[in-house]
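The next block is coords.txt, given as compact mmCIF, C-alpha atoms.
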# COMPACT_ATOMS: atom_id res chain seq x y z
CA MET A 35 0.00 0.00 0.00
CA ARG A 36 1.28 3.44 -0.86
CA ASN A 37 1.53 5.83 2.02
CA ASP A 38 0.61 8.99 0.18
CA ARG A 39 -3.08 9.34 0.71
CA ILE A 40 -5.24 11.04 -1.86
CA ASN A 41 -7.25 13.88 -0.39
CA VAL A 42 -10.84 13.89 -1.62
CA GLY A 43 -13.21 16.76 -0.92
CA ALA A 44 -16.96 16.63 -0.44
CA VAL A 45 -19.56 19.19 0.54
CA ILE A 46 -21.59 18.11 3.56
CA TYR A 47 -24.79 19.67 4.89
CA ASP A 48 -26.04 16.63 6.79
CA PRO A 49 -23.78 14.70 9.17
CA ARG A 50 -25.31 11.42 7.97
CA VAL A 51 -23.64 11.92 4.59
CA THR A 52 -20.24 11.51 6.25
CA VAL A 53 -21.23 7.87 6.80
CA ILE A 54 -21.28 7.35 3.01
CA TRP A 55 -17.82 8.84 2.70
CA GLY A 56 -16.61 6.66 5.56
CA ILE A 57 -17.78 3.59 3.64
CA ILE A 58 -16.09 4.89 0.46
CA ALA A 59 -12.84 5.49 2.38
CA ASP A 60 -13.00 1.95 3.83
CA PHE A 61 -13.61 0.55 0.35
CA PHE A 62 -10.56 2.34 -1.06
CA LYS A 63 -8.44 1.14 1.86
CA GLU A 64 -9.47 -2.46 1.22
CA GLU A 65 -8.50 -1.97 -2.41
CA GLY A 66 -5.05 -0.76 -1.36
CA LEU A 67 -5.46 2.92 -2.08
CA GLU A 68 -6.01 5.16 0.92
CA ILE A 69 -8.03 8.32 0.72
CA GLU A 70 -8.53 11.10 3.24
CA CYS A 71 -11.95 12.72 3.12
CA VAL A 72 -12.03 16.47 3.64
CA PHE A 73 -15.44 18.01 4.22
CA TYR A 74 -16.55 21.53 3.26
CA LYS A 75 -19.62 23.52 4.18
CA ASP A 76 -20.16 24.83 0.63
CA TYR A 77 -18.86 24.43 -2.90
CA GLU A 78 -17.06 27.74 -3.00
CA GLY A 79 -14.97 26.59 -0.03
CA GLN A 80 -14.33 23.28 -1.71
CA VAL A 81 -13.16 24.87 -4.96
CA ASP A 82 -10.92 27.15 -2.87
CA GLY A 83 -9.61 24.02 -1.16
CA LEU A 84 -8.88 22.37 -4.49
CA MET A 85 -7.12 25.46 -5.80
CA ASP A 86 -5.05 25.63 -2.58
CA ARG A 87 -4.24 21.89 -2.92
CA GLU A 88 -5.86 21.04 0.41
CA ILE A 89 -7.49 18.35 -1.66
CA ASP A 90 -6.48 16.57 -4.86
CA ILE A 91 -9.94 15.60 -6.04
CA ALA A 92 -13.31 17.25 -5.44
CA TRP A 93 -16.77 15.75 -5.69
CA ASN A 94 -18.19 18.74 -7.48
CA SER A 95 -21.62 20.00 -8.35
CA PRO A 96 -21.91 21.05 -12.00
CA LEU A 97 -21.54 24.70 -10.97
CA ALA A 98 -18.49 23.87 -8.83
CA TRP A 99 -17.04 22.06 -11.84
CA LEU A 100 -17.59 25.19 -13.93
CA ASP A 101 -16.07 27.37 -11.22
CA THR A 102 -13.02 25.08 -11.14
CA TYR A 103 -12.86 24.97 -14.94
CA LEU A 104 -12.87 28.76 -15.16
CA ARG A 105 -10.40 29.25 -12.29
CA THR A 106 -7.94 26.77 -13.85
CA ASP A 107 -8.37 28.10 -17.40
CA GLY A 108 -9.91 24.81 -18.39
CA LYS A 109 -6.96 22.76 -17.12
CA CYS A 110 -8.71 20.90 -14.30
CA GLN A 111 -9.04 17.17 -14.81
CA MET A 112 -12.40 15.58 -15.37
CA GLY A 113 -13.25 12.41 -13.46
CA SER A 114 -16.13 9.99 -13.04
CA MET A 115 -19.78 10.63 -12.33
CA ARG A 116 -22.72 8.53 -11.16
CA ASP A 117 -24.90 6.91 -13.81
CA THR A 118 -27.73 9.02 -12.39
CA ASP A 119 -25.76 12.23 -13.00
CA ARG A 120 -26.10 11.78 -16.74
CA ASP A 121 -28.98 13.00 -18.84
CA ARG A 122 -31.02 14.87 -16.32
CA LYS A 123 -33.58 17.52 -17.24
CA THR A 124 -35.55 20.24 -15.50
CA CYS A 125 -39.35 20.17 -15.57
CA PHE A 126 -41.55 23.27 -15.87
CA ILE A 127 -44.66 22.56 -13.84
CA VAL A 128 -47.99 24.39 -13.67
CA ARG A 129 -51.40 23.79 -12.19
CA LYS A 130 -53.66 21.89 -14.56
CA ASP A 131 -56.44 24.43 -14.18
CA SER A 132 -54.14 27.35 -15.05
CA GLY A 133 -54.73 27.11 -18.76
CA ILE A 134 -50.97 27.31 -19.35
CA THR A 135 -49.90 24.71 -21.87
CA GLY A 136 -46.47 25.87 -22.99
CA LEU A 137 -43.59 28.18 -22.14
CA ASP A 138 -45.19 31.08 -24.04
CA GLY A 139 -47.97 30.97 -21.45
CA LEU A 140 -45.46 31.92 -18.75
CA LYS A 141 -45.01 35.44 -20.11
CA GLY A 142 -45.92 37.94 -17.40
CA LYS A 143 -46.30 35.17 -14.83
CA THR A 144 -44.48 34.43 -11.57
CA ILE A 145 -42.19 31.41 -11.66
CA GLY A 146 -40.90 29.71 -8.53
CA PHE A 147 -37.23 28.74 -8.68
CA GLY A 148 -34.93 26.97 -6.24
CA ALA A 149 -31.81 28.43 -4.64
CA VAL A 150 -29.93 31.22 -6.40
CA ASP A 151 -27.02 28.88 -7.23
CA SER A 152 -29.00 25.80 -8.21
CA PRO A 153 -28.07 24.68 -11.73
CA GLN A 154 -31.18 22.55 -12.17
CA ALA A 155 -33.70 24.71 -10.35
CA ARG A 156 -32.60 28.16 -11.47
CA LEU A 157 -29.63 28.69 -13.81
CA ILE A 158 -30.43 26.11 -16.50
CA PRO A 159 -34.20 26.76 -16.64
CA ILE A 160 -33.64 30.52 -16.79
CA ASN A 161 -31.31 29.95 -19.75
CA TYR A 162 -33.90 27.69 -21.38
CA LEU A 163 -36.58 30.36 -20.99
CA HIS A 164 -34.16 32.84 -22.57
CA LYS A 165 -33.63 30.53 -25.52
CA ASN A 166 -37.37 30.33 -25.89
CA GLY A 167 -37.84 34.07 -25.99
CA LEU A 168 -38.51 34.82 -22.33
CA GLU A 169 -35.91 37.19 -20.93
CA TYR A 170 -34.83 37.19 -17.31
CA GLU A 171 -36.05 40.21 -15.30
CA ALA A 172 -38.24 41.29 -18.19
CA ASP A 173 -40.74 38.68 -19.32
CA TYR A 174 -41.61 36.98 -16.04
CA THR A 175 -41.19 37.49 -12.30
CA GLU A 176 -38.69 35.31 -10.52
CA GLN A 177 -39.66 34.08 -7.07
CA ARG A 178 -36.71 32.36 -5.55
CA PHE A 179 -36.69 29.87 -2.69
CA ASP A 180 -33.17 30.23 -1.33
CA ILE A 181 -32.76 27.13 0.77
CA GLY A 182 -29.17 25.99 1.27
CA VAL A 183 -27.39 28.69 -0.69
CA GLY A 184 -23.82 27.57 -1.31
CA LEU A 185 -24.90 23.97 -1.86
CA HIS A 186 -25.71 24.54 -5.55
CA GLY A 187 -29.14 23.02 -5.26
CA ASP A 188 -27.98 19.82 -3.51
CA HIS A 189 -30.61 20.46 -0.85
CA VAL A 190 -34.04 19.73 -2.22
CA GLY A 191 -35.68 22.36 0.02
CA GLY A 192 -35.73 25.19 -2.51
CA GLU A 193 -37.38 23.10 -5.22
CA LEU A 194 -39.82 21.69 -2.70
CA ASP A 195 -40.82 25.13 -1.42
CA ALA A 196 -41.27 26.29 -5.02
CA ILE A 197 -43.67 23.47 -5.87
CA ARG A 198 -45.51 23.97 -2.59
CA ALA A 199 -45.93 27.61 -3.55
CA LEU A 200 -47.32 26.43 -6.88
CA MET A 201 -49.82 24.18 -5.11
CA ALA A 202 -50.73 27.06 -2.76
CA GLY A 203 -51.27 29.33 -5.74
CA THR A 204 -48.65 31.96 -4.86
CA VAL A 205 -46.67 31.26 -8.04
CA ASP A 206 -47.91 30.35 -11.53
CA ALA A 207 -45.22 27.78 -12.34
CA SER A 208 -42.27 26.11 -10.70
CA VAL A 209 -39.20 24.20 -11.80
CA ALA A 210 -37.81 20.94 -10.49
CA LEU A 211 -35.26 18.31 -11.41
CA ASP A 212 -36.90 15.39 -13.20
CA LEU A 213 -35.84 12.94 -10.47
CA ASN A 214 -37.52 15.07 -7.81
CA TRP A 215 -40.69 15.57 -9.84
CA GLU A 216 -40.97 11.81 -10.39
CA ALA A 217 -40.23 11.05 -6.72
CA TRP A 218 -42.83 13.56 -5.49
CA LYS A 219 -45.50 12.09 -7.74
CA LYS A 220 -44.67 8.64 -6.46
CA ASP A 221 -44.60 9.48 -2.74
CA GLY A 222 -47.64 11.72 -2.83
CA THR A 223 -45.85 15.01 -2.15
CA VAL A 224 -47.63 16.39 -5.21
CA ASP A 225 -51.00 15.52 -6.65
CA GLU A 226 -50.64 14.49 -10.27
CA ASN A 227 -54.28 15.36 -10.85
CA GLN A 228 -53.57 18.97 -9.94
CA LEU A 229 -50.17 19.62 -11.52
CA VAL A 230 -48.70 19.00 -14.94
CA CYS A 231 -45.26 19.28 -16.50
CA ILE A 232 -45.62 21.42 -19.62
CA GLU A 233 -42.01 21.43 -20.80
CA THR A 234 -38.58 20.05 -20.01
CA THR A 235 -35.13 21.39 -20.74
CA PRO A 236 -32.74 19.44 -22.95
CA LEU A 237 -30.67 16.85 -21.11
CA PHE A 238 -27.75 17.92 -18.92
CA ASP A 239 -25.33 16.29 -16.51
CA HIS A 240 -24.94 16.74 -12.78
CA CYS A 241 -22.10 16.00 -10.32
CA ILE A 242 -18.57 15.04 -11.35
CA PHE A 243 -15.22 14.31 -9.73
CA THR A 244 -12.71 17.00 -10.61
CA ALA A 245 -8.96 16.90 -9.97
CA HIS A 246 -6.49 19.74 -9.69
CA PRO A 247 -4.47 20.30 -12.90
CA ASP A 248 -1.23 19.45 -11.06
CA PHE A 249 -2.51 16.24 -9.51
CA SER A 250 -0.82 13.24 -11.14
CA THR A 251 -3.03 12.06 -13.99
CA GLU A 252 -1.68 8.56 -13.47
CA ARG A 253 -2.80 8.62 -9.82
CA PHE A 254 -6.17 10.05 -10.80
CA LEU A 255 -6.71 7.24 -13.29
CA GLU A 256 -5.59 4.68 -10.71
CA TRP A 257 -8.04 6.18 -8.22
CA GLN A 258 -10.88 6.07 -10.73
CA GLU A 259 -10.07 2.49 -11.66
CA VAL A 260 -10.61 1.55 -8.02
CA LEU A 261 -13.79 3.64 -7.85
CA HIS A 262 -15.22 1.79 -10.83
CA ARG A 263 -14.64 -1.54 -9.05
CA MET A 264 -17.63 -0.78 -6.86
CA ASP A 265 -20.18 -3.36 -7.80
CA TYR A 266 -23.90 -2.96 -7.20
CA SER A 267 -24.32 -6.72 -7.06
CA ASN A 268 -21.96 -6.80 -4.06
CA GLU A 269 -24.15 -6.35 -0.97
CA ALA A 270 -21.49 -4.35 0.91
CA HIS A 271 -21.09 -1.90 -1.99
CA LYS A 272 -24.82 -1.74 -2.68
CA GLN A 273 -25.56 -0.05 0.63
CA MET A 274 -23.23 2.83 -0.11
CA MET A 275 -24.32 3.06 -3.75
CA ASP A 276 -27.97 3.21 -2.73
CA MET A 277 -27.20 5.95 -0.23
CA GLU A 278 -25.33 7.92 -2.87
CA GLY A 279 -28.02 7.22 -5.47
CA LEU A 280 -26.22 5.27 -8.15
CA LYS A 281 -25.93 1.80 -9.57
CA GLU A 282 -22.69 2.37 -11.43
CA TRP A 283 -19.85 4.88 -11.67
CA VAL A 284 -19.47 5.99 -15.26
CA GLU A 285 -16.95 7.97 -17.24
CA GLY A 286 -17.29 11.71 -16.76
CA ARG A 287 -17.95 14.12 -19.61
CA ILE A 288 -18.27 17.86 -19.85
CA THR A 289 -20.60 18.03 -22.84
CA GLY A 290 -23.48 17.76 -20.38
CA PHE A 291 -22.49 21.09 -18.81
CA GLU A 292 -23.01 23.15 -21.97
CA GLN A 293 -26.40 24.53 -20.87
CA LEU A 294 -24.90 25.57 -17.54
CA ARG A 295 -22.05 27.37 -19.30
CA GLU A 296 -24.57 29.21 -21.46
CA ALA A 297 -26.61 30.08 -18.36
CA ASN A 298 -23.51 31.40 -16.64
CA ASP A 299 -22.71 33.59 -19.63
CA TYR A 300 -26.32 34.80 -19.82
CA LEU A 301 -26.67 35.60 -16.13
CA LYS A 302 -22.98 36.45 -15.58
CA PHE A 303 -23.20 34.36 -12.45
CA LEU A 304 -19.59 33.35 -11.73
CA MET B 147 -29.82 17.96 74.37
CA HIS B 148 -31.81 19.60 71.62
CA ARG B 149 -30.13 20.45 68.32
CA SER B 150 -31.72 22.61 65.76
CA LYS B 151 -32.69 21.12 62.38
CA ALA B 152 -30.36 23.60 60.68
CA GLU B 153 -27.44 22.35 62.72
CA ILE B 154 -28.03 18.74 61.72
CA ASN B 155 -28.26 19.70 58.06
CA THR B 156 -24.85 21.26 58.03
CA LEU B 157 -23.44 17.76 57.74
CA TYR B 158 -21.98 17.36 54.28
CA GLU B 159 -23.29 13.81 53.88
CA SER B 160 -26.76 15.01 54.65
CA ARG B 161 -26.72 17.49 51.83
CA ILE B 162 -24.55 15.88 49.19
CA PHE B 163 -24.28 12.30 47.98
CA ASP B 164 -21.05 11.77 46.09
CA MET B 165 -20.55 9.11 43.48
CA ASN B 166 -17.37 8.31 41.61
CA PHE B 167 -16.93 6.64 38.26
CA ARG B 168 -13.82 5.40 36.59
CA GLY B 169 -13.26 5.37 32.84
CA THR B 170 -10.37 3.68 31.08
CA SER B 171 -9.22 3.37 27.53
CA ASN B 172 -6.72 0.56 27.26
CA ASP B 173 -6.97 0.42 23.47
CA LEU B 174 -6.94 4.23 23.19
CA SER B 175 -10.02 3.96 21.05
CA THR B 176 -12.96 2.91 23.21
CA VAL B 177 -13.83 3.81 26.79
CA LYS B 178 -14.81 1.40 29.54
CA ILE B 179 -16.92 2.90 32.30
CA TYR B 180 -16.96 1.20 35.68
CA THR B 181 -20.05 1.55 37.84
CA ASN B 182 -20.40 0.26 41.38
CA LYS B 183 -20.69 -3.41 40.42
CA ASN B 184 -20.67 -3.29 36.68
CA SER B 185 -19.05 -1.79 33.61
CA PHE B 186 -19.91 -0.84 30.06
CA GLN B 187 -18.00 0.00 26.92
CA ILE B 188 -18.57 3.03 24.68
CA GLU B 189 -17.00 3.46 21.25
CA LYS B 190 -18.39 6.77 20.09
CA GLN B 191 -19.83 9.97 21.51
CA ILE B 192 -22.49 9.89 18.82
CA SER B 193 -23.06 8.05 15.58
CA PHE B 194 -24.83 9.40 12.52
CA ASP B 195 -24.98 5.94 10.99
CA SER B 196 -28.43 4.39 11.28
CA GLU B 197 -26.82 0.94 11.04
CA TYR B 198 -24.50 1.54 14.02
CA LYS B 199 -25.34 -0.94 16.78
CA PRO B 200 -23.25 -0.13 19.91
CA ILE B 201 -24.64 2.41 22.36
CA SER B 202 -23.07 5.85 22.06
CA SER B 203 -22.50 8.42 24.80
CA VAL B 204 -25.41 10.52 23.55
CA GLU B 205 -27.69 7.49 23.53
CA TYR B 206 -26.74 6.66 27.11
CA PHE B 207 -27.43 10.28 27.99
CA ALA B 208 -30.86 10.24 26.32
CA GLY B 209 -31.66 6.90 27.91
CA SER B 210 -30.64 8.27 31.25
CA VAL B 211 -32.98 11.25 30.94
CA LEU B 212 -35.94 9.24 29.71
CA SER B 213 -35.51 6.43 32.21
CA SER B 214 -35.14 8.89 35.09
CA ILE B 215 -38.41 10.58 34.18
CA ILE B 216 -40.34 7.33 33.76
CA LEU B 217 -38.83 5.88 36.92
CA THR B 218 -39.68 8.92 39.03
CA LEU B 219 -43.31 8.57 37.97
CA LEU B 220 -43.32 4.86 38.83
CA GLU B 221 -41.59 5.42 42.17
CA GLN B 222 -43.85 8.26 43.19
CA SER B 223 -46.96 6.37 42.15
CA GLN B 224 -45.95 3.50 44.42
CA LYS B 225 -45.29 5.87 47.29
CA SER B 226 -48.63 7.56 46.92
CA GLY B 227 -50.57 4.36 46.38
CA LEU B 228 -51.51 5.11 42.82
CA THR B 229 -51.46 2.42 40.20
CA ILE B 230 -49.94 3.30 36.85
CA GLU B 231 -51.32 0.64 34.57
CA GLU B 232 -49.36 1.56 31.46
CA ILE B 233 -46.51 3.95 30.80
CA GLU B 234 -44.31 4.75 27.84
CA GLY B 235 -42.17 7.71 26.83
CA VAL B 236 -40.61 9.23 23.75
CA LEU B 237 -37.58 11.51 23.85
CA ASN B 238 -36.64 13.86 21.03
CA LEU B 239 -33.14 15.27 21.16
CA SER B 240 -31.84 18.15 19.04
CA LEU B 241 -28.09 18.38 18.65
CA ALA B 242 -26.93 21.81 17.53
CA ASN B 243 -23.94 22.24 15.22
CA PRO B 244 -23.46 18.58 14.29
CA LEU B 245 -21.24 19.46 11.33
CA SER B 246 -18.52 20.78 13.67
CA LEU B 247 -18.50 17.32 15.19
CA VAL B 248 -17.73 15.62 11.89
CA GLY B 249 -15.05 18.14 10.99
CA VAL B 250 -16.70 20.06 8.17
CA LYS B 251 -14.49 23.00 7.27
CA GLY B 252 -16.24 26.29 7.86
CA TYR B 253 -18.18 25.11 10.90
CA ASP B 254 -16.53 26.04 14.19
CA GLU B 255 -19.47 26.39 16.55
CA GLU B 256 -19.45 24.02 19.52
CA PRO B 257 -21.84 21.10 19.19
CA TYR B 258 -24.29 20.85 22.06
CA ILE B 259 -27.65 19.42 22.99
CA GLN B 260 -29.96 22.31 22.42
CA ARG B 261 -33.32 20.82 23.23
CA LEU B 262 -34.90 17.76 24.75
CA THR B 263 -38.58 17.03 24.52
CA VAL B 264 -39.96 14.13 26.48
CA THR B 265 -43.51 12.94 25.96
CA VAL B 266 -44.81 10.48 28.51
CA PHE B 267 -47.95 8.49 27.79
CA LEU B 268 -49.50 6.90 30.85
CA TYR B 269 -52.68 5.31 32.05
CA VAL B 270 -53.63 5.97 35.62
CA ASP B 271 -57.08 6.29 37.10
CA LEU B 272 -57.04 10.04 37.81
CA GLU B 273 -58.85 13.07 36.49
CA ASP B 274 -56.85 15.32 34.16
CA LYS B 275 -55.93 17.94 36.76
CA GLU B 276 -55.01 15.38 39.40
CA LEU B 277 -52.92 13.49 36.89
CA ASN B 278 -51.07 16.65 35.92
CA ASP B 279 -50.42 17.57 39.54
CA PHE B 280 -49.15 14.07 40.27
CA CYS B 281 -46.84 14.03 37.23
CA TYR B 282 -45.30 17.43 37.86
CA ASP B 283 -44.82 16.65 41.55
CA ALA B 284 -43.15 13.37 40.63
CA LEU B 285 -40.86 15.21 38.23
CA LYS B 286 -39.52 17.21 41.17
CA LYS B 287 -37.98 13.97 42.44
CA SER B 288 -35.92 13.38 39.30
CA PRO B 289 -32.37 14.65 39.88
CA ILE B 290 -31.56 14.37 36.20
CA TYR B 291 -34.60 16.40 35.17
CA ASN B 292 -33.90 19.00 37.87
CA THR B 293 -30.32 19.36 36.71
CA LEU B 294 -31.00 19.58 33.00
CA LYS B 295 -33.92 21.97 33.23
CA ARG B 296 -31.41 24.55 34.39
CA SER B 297 -29.07 24.11 31.45
CA LEU B 298 -31.06 23.43 28.30
CA GLU B 299 -34.51 23.58 26.75
CA LEU B 300 -36.18 20.63 28.40
CA GLU B 301 -39.87 20.11 27.96
CA VAL B 302 -41.82 17.23 29.46
CA ILE B 303 -45.32 16.60 28.18
CA PHE B 304 -47.72 14.15 29.83
CA LYS B 305 -50.46 12.52 27.81
CA LYS B 306 -53.16 10.37 29.33
CA LEU B 307 -53.77 7.07 27.59
CA LEU B 308 -57.46 6.51 27.00
What does this structure look like when you write it as structure tokens?
Amino acid sequence: MRNDRINVGAVIYDPRVTVIWGIIADFFKEEGLEIECVFYKDYEGQVDGLMDREIDIAWNSPLAWLDTYLRTDGKCQMGSMRDTDRDRKTCFIVRKDSGITGLDGLKGKTIGFGAVDSPQARLIPINYLHKNGLEYEADYTEQRFDIGVGLHGDHVGGELDAIRALMAGTVDASVALDLNWEAWKKDGTVDENQLVCIETTPLFDHCIFTAHPDFSTERFLEWQEVLHRMDYSNEAHKQMMDMEGLKEWVEGRITGFEQLREANDYLKFL
Amino acid sequence: MHRSKAEINTLYESRIFDMNFRGTSNDLSTVKIYTNKNSFQIEKQISFDSEYKPISSVEYFAGSVLSSIILTLLEQSQKSGLTIEEIEGVLNLSLANPLSLVGVKGYDEEPYIQRLTVTVFLYVDLEDKELNDFCYDALKKSPIYNTLKRSLELEVIFKKLL
């Protein structure tokens, strides 16, 4: 076993999530590659930590990836993502009795968004509205639900408050990640007879491991090779993978961040 | 010879009962606590893992509070000749600043138990007011309750089983 541990950063807002990282660290140790988990309160701190080399690899939100990409002039290294991080979309939801059937019906209306820094519940849908002729701060009123700012929409609270506002009638539409919309319909959080999704954004990707430009590429590949050995059919691995919401680690890609980059340019966010 | 009550009560032993406990950590990882005739092992102050089986320090603490409250009710009912036919309690504990405890950078605030809410459900053949009076009087005999009520938000709610 090599003695030089790899420092991996993660943003934590719930102490229970550290359990997942403990299991991941144990898994890496068993595979002969030790990691040290470093926890941050928000993604800005984590990207700072990566830039300062406190950590070698960061488990980044899409916006944290973009922040890292911009701060390193595109030299940061792209790592793996969960299978569930690929091909996500944001849903535009309205009340069925609103008479709104498409995005053009949102002109002049109030739309409930998630946290200010949520890619899926604010930045990407605002960009999509822009591409469909609805300009930010001009063609509709933004009502934001800033829960967990700094977590880039990891906390579902903002999206949940937005859809609750839609059900209560204080907004005319709300946005939510497809996985959340589907989960809420299934668990009864929302009434499918009352609400309808009128439009979805094109597909985009979510979280991704990102390494510092100076971190050894060979070590990064070695680390990812171990990561990909996690096997959902192995009961011990399954527990962690269920907690982290994946069935398989897959190769990362940055093509799925194009809408976020456009949104950032449009809103001049970072 | 007649001594005043105040004079008798100046005796230290009359006012204070001291207890001593020993804790060791031979493996420098877990702690063994010795009680009068027993001992128990604790591995963690608190665990955030729902699958974690051993009893943590915080769980012992919560168990201590809840058991003390239920036991004081049982003891006082026996002393006053009341029969509690059924009793059960639920304790909710709120730990403030848990992320400092797991070492999340950017969180420096001290973790502490901010609030305890204990709900006791009991069946005893008393009218509502009498039941309430009995319960709150019994609570006065719980040293753990009396200590904690001075240092944190501690609420005890009594609900009559029907």
Based on only C-alpha atoms, which of the residues in chain A come within 6 Å of chain B? I want them as an MDAnalysis selection string. chainID A and resid 49:50 53 73:75
Exercise: range 116-132 of chain A partners within 6 Å, all atoms listed in the file, chain neighbours under 2 positions left out, as an mmCIF file with C-alpha atoms, keeping the file's coordinate frame:
data_model
loop_
_atom_site.group_PDB
_atom_site.id
_atom_site.type_symbol
_atom_site.label_atom_id
_atom_site.label_comp_id
_atom_site.auth_asym_id
_atom_site.auth_seq_id
_atom_site.Cartn_x
_atom_site.Cartn_y
_atom_site.Cartn_z
ATOM 1 C CA ILE A 134 -50.970 27.310 -19.350
ATOM 2 C CA GLN A 154 -31.180 22.550 -12.170
ATOM 3 C CA ALA A 207 -45.220 27.780 -12.340
ATOM 4 C CA SER A 208 -42.270 26.110 -10.700
ATOM 5 C CA VAL A 209 -39.200 24.200 -11.800
ATOM 6 C CA ALA A 210 -37.810 20.940 -10.490
ATOM 7 C CA LEU A 211 -35.260 18.310 -11.410
ATOM 8 C CA ASP A 212 -36.900 15.390 -13.200
ATOM 9 C CA GLN A 228 -53.570 18.970 -9.940
ATOM 10 C CA LEU A 229 -50.170 19.620 -11.520
ATOM 11 C CA VAL A 230 -48.700 19.000 -14.940
ATOM 12 C CA CYS A 231 -45.260 19.280 -16.500
ATOM 13 C CA ILE A 232 -45.620 21.420 -19.620
ATOM 14 C CA GLU A 233 -42.010 21.430 -20.800
ATOM 15 C CA THR A 234 -38.580 20.050 -20.010
ATOM 16 C CA THR A 235 -35.130 21.390 -20.740
ATOM 17 C CA LEU A 237 -30.670 16.850 -21.110
ATOM 18 C CA PHE A 238 -27.750 17.920 -18.920
ATOM 19 C CA ASP A 239 -25.330 16.290 -16.510
ATOM 20 C CA HIS A 240 -24.940 16.740 -12.780
ATOM 21 C CA CYS A 241 -22.100 16.000 -10.320
ATOM 22 C CA LEU A 280 -26.220 5.270 -8.150
ATOM 23 C CA GLU A 282 -22.690 2.370 -11.430
ATOM 24 C CA TRP A 283 -19.850 4.880 -11.670
ATOM 25 C CA VAL A 284 -19.470 5.990 -15.260
#
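Using all atoms listed in the file, the residues found no farther than 9 Å from Asp138 in chain A, other than those of its own chain fewer than 3 positions away, are Ile134, Thr135, Lys141, Asn166, Gly167 and Leu168 of chain A.
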With a distance cut-off of 8 Å and all atoms listed in the file, select the neighbouring residues of Asp76 in chain A, excluding the residue or stretch itself and same-chain residues fewer than 2 positions from it, and output the selection as a ChimeraX atom specification. /A:45-46,74,78-80,184-185
Those same residues - C-alpha atoms - I'd like them written as a compact mmCIF listing (two decimals), in the frame of the given file.
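Done, and the output landed in out-v4.txt:
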# COMPACT_ATOMS: atom_id res chain seq x y z
CA VAL A 45 -19.56 19.19 0.54
CA ILE A 46 -21.59 18.11 3.56
CA TYR A 74 -16.55 21.53 3.26
CA GLU A 78 -17.06 27.74 -3.00
CA GLY A 79 -14.97 26.59 -0.03
CA GLN A 80 -14.33 23.28 -1.71
CA GLY A 184 -23.82 27.57 -1.31
CA LEU A 185 -24.90 23.97 -1.86
When you look at Asp173 in chain B with a cut-off of 12 Å (counting all atoms listed in the file), what residues show up, excluding the ones that are within fewer than 3 positions of it in the same chain? I need them as a PyMOL selection string. chain B and resi 170+176-178+187-189
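Pairwise distance (CA of Thr289 in chain A, CA of Gln111 in chain A) equals 14.1 Å.
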Each side padded by 8 Å, which centre and which edge lengths in Å (one decimal) define the axis-aligned box around the listed atoms of range 166-171 of chain A? Give them as AutoDock Vina command-line options.
--center_x -36.7 --center_y 35.3 --center_z -20.6 --size_x 19.7 --size_y 25.9 --size_z 26.7
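Atom pair CA of Val72 in chain A / CA of Gly113 in chain A has a distance of 17.6 Å (rounded to one decimal).
Across the structure, CA of Glu301 in chain B and CA of Arg161 in chain B are spaced 27.4 Å apart.
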For Ile58 in chain A, work out the shell of residues within 9 Å, counting all atoms listed in the file and skipping chain neighbours fewer than 4 positions away, then give it as an MDAnalysis selection string. chainID A and resid 53:54 62:63 69 261 271 274
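Closest approach to Asp283 in chain B among B:Ala242, B:Ser185, B:Leu219, B:Ser213 is made by B:Leu219 (distances from only C-alpha atoms).
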N, CA, C and O atoms are what I want for range 51-57 of chain A; can you complete it accordingly and write them as a PDB file, in the frame of the given file?
ATOM      1  N   VAL A  51     -24.334  12.157   5.869  1.00  0.00           N
ATOM      2  CA  VAL A  51     -23.640  11.920   4.590  1.00  0.00           C
ATOM      3  C   VAL A  51     -22.177  11.522   4.822  1.00  0.00           C
ATOM      4  O   VAL A  51     -21.573  10.843   3.985  1.00  0.00           O
ATOM      5  N   THR A  52     -21.629  11.900   5.962  1.00  0.00           N
ATOM      6  CA  THR A  52     -20.240  11.510   6.250  1.00  0.00           C
ATOM      7  C   THR A  52     -20.123   9.988   6.372  1.00  0.00           C
ATOM      8  O   THR A  52     -19.056   9.428   6.162  1.00  0.00           O
ATOM      9  N   VAL A  53     -21.244   9.340   6.705  1.00  0.00           N
ATOM     10  CA  VAL A  53     -21.230   7.870   6.800  1.00  0.00           C
ATOM     11  C   VAL A  53     -20.921   7.269   5.430  1.00  0.00           C
ATOM     12  O   VAL A  53     -20.135   6.324   5.310  1.00  0.00           O
ATOM     13  N   ILE A  54     -21.521   7.835   4.387  1.00  0.00           N
ATOM     14  CA  ILE A  54     -21.280   7.350   3.010  1.00  0.00           C
ATOM     15  C   ILE A  54     -19.800   7.475   2.688  1.00  0.00           C
ATOM     16  O   ILE A  54     -19.175   6.540   2.160  1.00  0.00           O
ATOM     17  N   TRP A  55     -19.237   8.621   3.021  1.00  0.00           N
ATOM     18  CA  TRP A  55     -17.820   8.840   2.700  1.00  0.00           C
ATOM     19  C   TRP A  55     -16.909   7.944   3.539  1.00  0.00           C
ATOM     20  O   TRP A  55     -15.836   7.551   3.082  1.00  0.00           O
ATOM     21  N   GLY A  56     -17.366   7.612   4.736  1.00  0.00           N
ATOM     22  CA  GLY A  56     -16.610   6.660   5.560  1.00  0.00           C
ATOM     23  C   GLY A  56     -16.569   5.290   4.891  1.00  0.00           C
ATOM     24  O   GLY A  56     -15.525   4.619   4.855  1.00  0.00           O
ATOM     25  N   ILE A  57     -17.707   4.891   4.325  1.00  0.00           N
ATOM     26  CA  ILE A  57     -17.780   3.590   3.640  1.00  0.00           C
ATOM     27  C   ILE A  57     -16.895   3.629   2.380  1.00  0.00           C
ATOM     28  O   ILE A  57     -16.172   2.670   2.080  1.00  0.00           O
TER      29      ILE A  57
END
